[in-house]
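Below you'll find the structure, written out as structure tokens, and then a few comments.
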Amino acid sequence: MNTSSTKLPRVSLDWSKLLGYSQVQSLQGTKNSTAKQAKIGAKIGFKTGVKTFAK
Amino acid sequence: MKATDGVSTLEASGVNLCAFEPDVERVRVLDQHMRRRLAESIRHIADRSAGHLHLTADVLEAFLTRLAQGPIAPLAFSYYSDIVTALEDDDISSAQSLFDALLVLPSADSSMRVTDMGDPRHELSARQFASFFATGAGIQFDIYPPPREISAQCRRQIDEAMRLIDAGDPAASAEIRALLREIVLAVGSDDAKAYTFDGASSFMLWGAIILNANRNDGAIGMVQMIAHETAHNLLFGIGSDSPLVLNEPDELYPSPLRRDPRPMDGIYHATYVSARMCRIVRTLIASGQLSGALLEKATRDAAEDARLFRMGYQTVQAHARLSPVGQAVIEHAAAYMAGAD
């Protein structure tokens, strides 16, 4: 018996139709092609220690 | 800096995408565009997920109708992004939970809201905000709900900053109030050795910014913080159809605003937002709204913002590969800064 058939098939998304993921198209087939890794970058200003302004 | 081909459908909107000066009409066009693209994306996901996700047609259509009619809670973009991630991971259960949360999100208030982040241990919305600090770059940020007194102090700073902007820079005020739907207050770690944050924004949090409420640089600092995060959001909108920066993400360069080497996209953003911070402070100085210590700090900060812009712009000029829109945006900023020197 082929037990693999019990696994839900992957939902296939067309990256070109997804806001913010157009750049994933160019990465298809590479190790970095996942949406997680391509998640559109957050911009975070940060510093080390609450008393040291490191702008 | 080398521009390469790349055309955004936003370019056909008739609005001047690349102008440096604040433009409330541009922000309205960008917001409509972002909501329309989000609706198209959600409909595509719903279509492709048939048989996997249980979505009630009436509820989905009601949400999409609200999305078309006006601004939505910024968390909608975050939930959408995580639905995509969950589906790619075959995590149908998480995708379903996120979709359920997405479809009941309220429309955004017409005015800018200031909210305290909840506890990520207990609230999905707080976990969503905190997730933007999981950089995956070896830097761990802790983010917590703000204590009541710190939140109150920060709210007073925001009120004072917005009063200055309203009075001294009406164009920026209109842009900020049209673009920012929510300012989320949080705090970082008390550990003096820990990384903590000043502020954060993300493409996938369109219309919201997260500020560290534990700050002590007064109204002029808050003016720049708001201008800074607003400028990030503006760039997210302008680049929503196609990237402004084409360099590979693993190409790292020194940043004018952070100690760690950053991808060119980060350098580009930091450079642009420095120019916007400089512009708003100089505009307030020129308006005559500032005096005494406020004027002294504004004068110092404007000079520092200009220095940071020059640093960043040198790196952009030397190493960036930009789309035509990306090049025009930064050149308009450079033209303003050259004229302001």
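Chains: A, B, ... in order of the structure tokens. Residues: from 1 per chain. Ligands: from 1, in order shown.
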Could I get the residues of chain B with an atom no further than 7 Å from an atom of chain A, each paired with its nearest atom pair and that distance in Å to one decimal, using only C-alpha atoms, sorted by chain and residue number, as a tab-separated table?
```
residue	atom	partner	partner_atom	distance
B:Arg37	CA	A:Leu19	CA	5.7
B:Leu38	CA	A:Leu19	CA	6.0
B:Ser41	CA	A:Leu18	CA	4.7
B:Ile45	CA	A:Leu13	CA	6.9
B:Arg48	CA	A:Val11	CA	6.4
B:Ser49	CA	A:Val11	CA	6.0
B:Val84	CA	A:Ala35	CA	6.9
B:Thr85	CA	A:Lys36	CA	5.4
B:Leu87	CA	A:Val11	CA	6.3
B:Glu88	CA	A:Ala35	CA	6.9
B:Asp90	CA	A:Arg10	CA	6.0
B:Phe132	CA	A:Ala42	CA	6.2
B:Asp190	CA	A:Val50	CA	6.8
B:Asp191	CA	A:Gly49	CA	6.6
B:Ala192	CA	A:Gly49	CA	4.1
B:Lys193	CA	A:Gly49	CA	4.9
B:Ala194	CA	A:Gly49	CA	5.4
B:Tyr195	CA	A:Thr48	CA	4.4
B:Thr196	CA	A:Lys47	CA	5.5
B:Phe197	CA	A:Phe46	CA	3.8
B:Asp198	CA	A:Gly45	CA	5.2
B:Gly199	CA	A:Gly45	CA	5.4
B:Ala200	CA	A:Ile44	CA	4.3
B:Ser201	CA	A:Lys43	CA	5.4
B:Ser202	CA	A:Ala42	CA	4.2
B:Phe203	CA	A:Ile40	CA	6.0
B:Met204	CA	A:Ile40	CA	6.7
B:Ser240	CA	A:Gly20	CA	6.3
B:Leu257	CA	A:Lys55	CA	5.0
B:Arg258	CA	A:Lys55	CA	6.0
```
Could the residues in this selection be written to a file with C-alpha atoms, as a compact mmCIF listing (two decimals), in the first residue's frame?
```
# COMPACT_ATOMS: atom_id res chain seq x y z
CA ARG B 37 -2.95 43.68 -4.86
CA LEU B 38 -3.63 42.16 -1.45
CA SER B 41 -3.43 37.71 -3.77
CA ILE B 45 -4.73 31.76 -2.47
CA ARG B 48 -5.65 27.43 -5.11
CA SER B 49 -6.45 26.25 -1.59
CA VAL B 84 1.80 32.09 2.14
CA THR B 85 4.60 30.78 4.33
CA LEU B 87 1.05 26.90 2.70
CA GLU B 88 4.54 26.57 1.35
CA ASP B 90 2.27 22.44 3.93
CA PHE B 132 9.06 40.92 12.52
CA ASP B 190 16.28 46.02 30.09
CA ASP B 191 19.55 44.12 29.79
CA ALA B 192 22.25 46.70 29.03
CA LYS B 193 24.06 44.19 26.83
CA ALA B 194 21.03 43.06 24.87
CA TYR B 195 20.09 44.24 21.45
CA THR B 196 17.09 46.45 21.51
CA PHE B 197 15.32 48.42 18.86
CA ASP B 198 14.36 51.99 18.02
CA GLY B 199 11.62 51.34 15.53
CA ALA B 200 10.56 48.90 12.88
CA SER B 201 8.46 48.71 9.77
CA SER B 202 7.88 46.09 7.13
CA PHE B 203 6.41 45.69 3.70
CA MET B 204 4.15 43.08 5.27
CA SER B 240 5.44 47.06 -4.34
CA LEU B 257 22.29 53.73 10.32
CA ARG B 258 23.32 50.32 11.64
```
(message) One decimal, in Å: what's the spacing between atom CA of B:Met117 and atom CA of B:Met162?
(response)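 These two atoms are separated by 20.7 Å.
Nearest to B:Leu75 of all the residues B:Glu175, B:Glu251, B:Asp109, B:Glu182 is B:Glu182, based on only C-alpha atoms.
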(request) Kindly indicate which residue among B:Thr271, B:Asp100, B:Asp119, B:Leu246 lies nearest to B:Thr56, using only C-alpha atoms for the distances. (result) B:Asp100
(message) One number please: atom CA of B:Phe20 to atom CA of B:Arg35, in Å, one decimal.
(response)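 Atom CA of B:Phe20 sits 23.4 Å away from atom CA of B:Arg35.
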(message) Set the distance at 10 Å and use only C-alpha atoms: which residues neighbour B:Val184 once local chain neighbours fewer than 6 positions away are removed? I'd like the list as a PyMOL selection string.
(response) chain B and resi 113-118+126+129+145-146+199-200+208-213
(request) Have a look at atom CA of B:Leu294 and atom CA of B:Met311 and let me know their distance in Å, one decimal. (result) 25.6 Å
(request) Determine which residues of stretch 38-165 of chain B receive a DSSP assignment of strand (DSSP E or B), computed from the backbone, and state them as an MDAnalysis selection string. (result) chainID B and resid 50 53 72 107 113:116 134 140 144
(request) Check the DSSP output for the backbone and give back, as a ChimeraX atom specification, the residues of stretch 143-292 of chain B in helix (DSSP H, G or I). (result) /B:148-168,170-179,203-205,218-238,264-287,292
(message) So, with only C-alpha atoms as the atoms that count, which of B:Met34, B:Ala152, B:Val15, B:Ala39 lies closest to B:Leu67?
(response)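 Closest to B:Leu67 of all the choices is B:Ala39.
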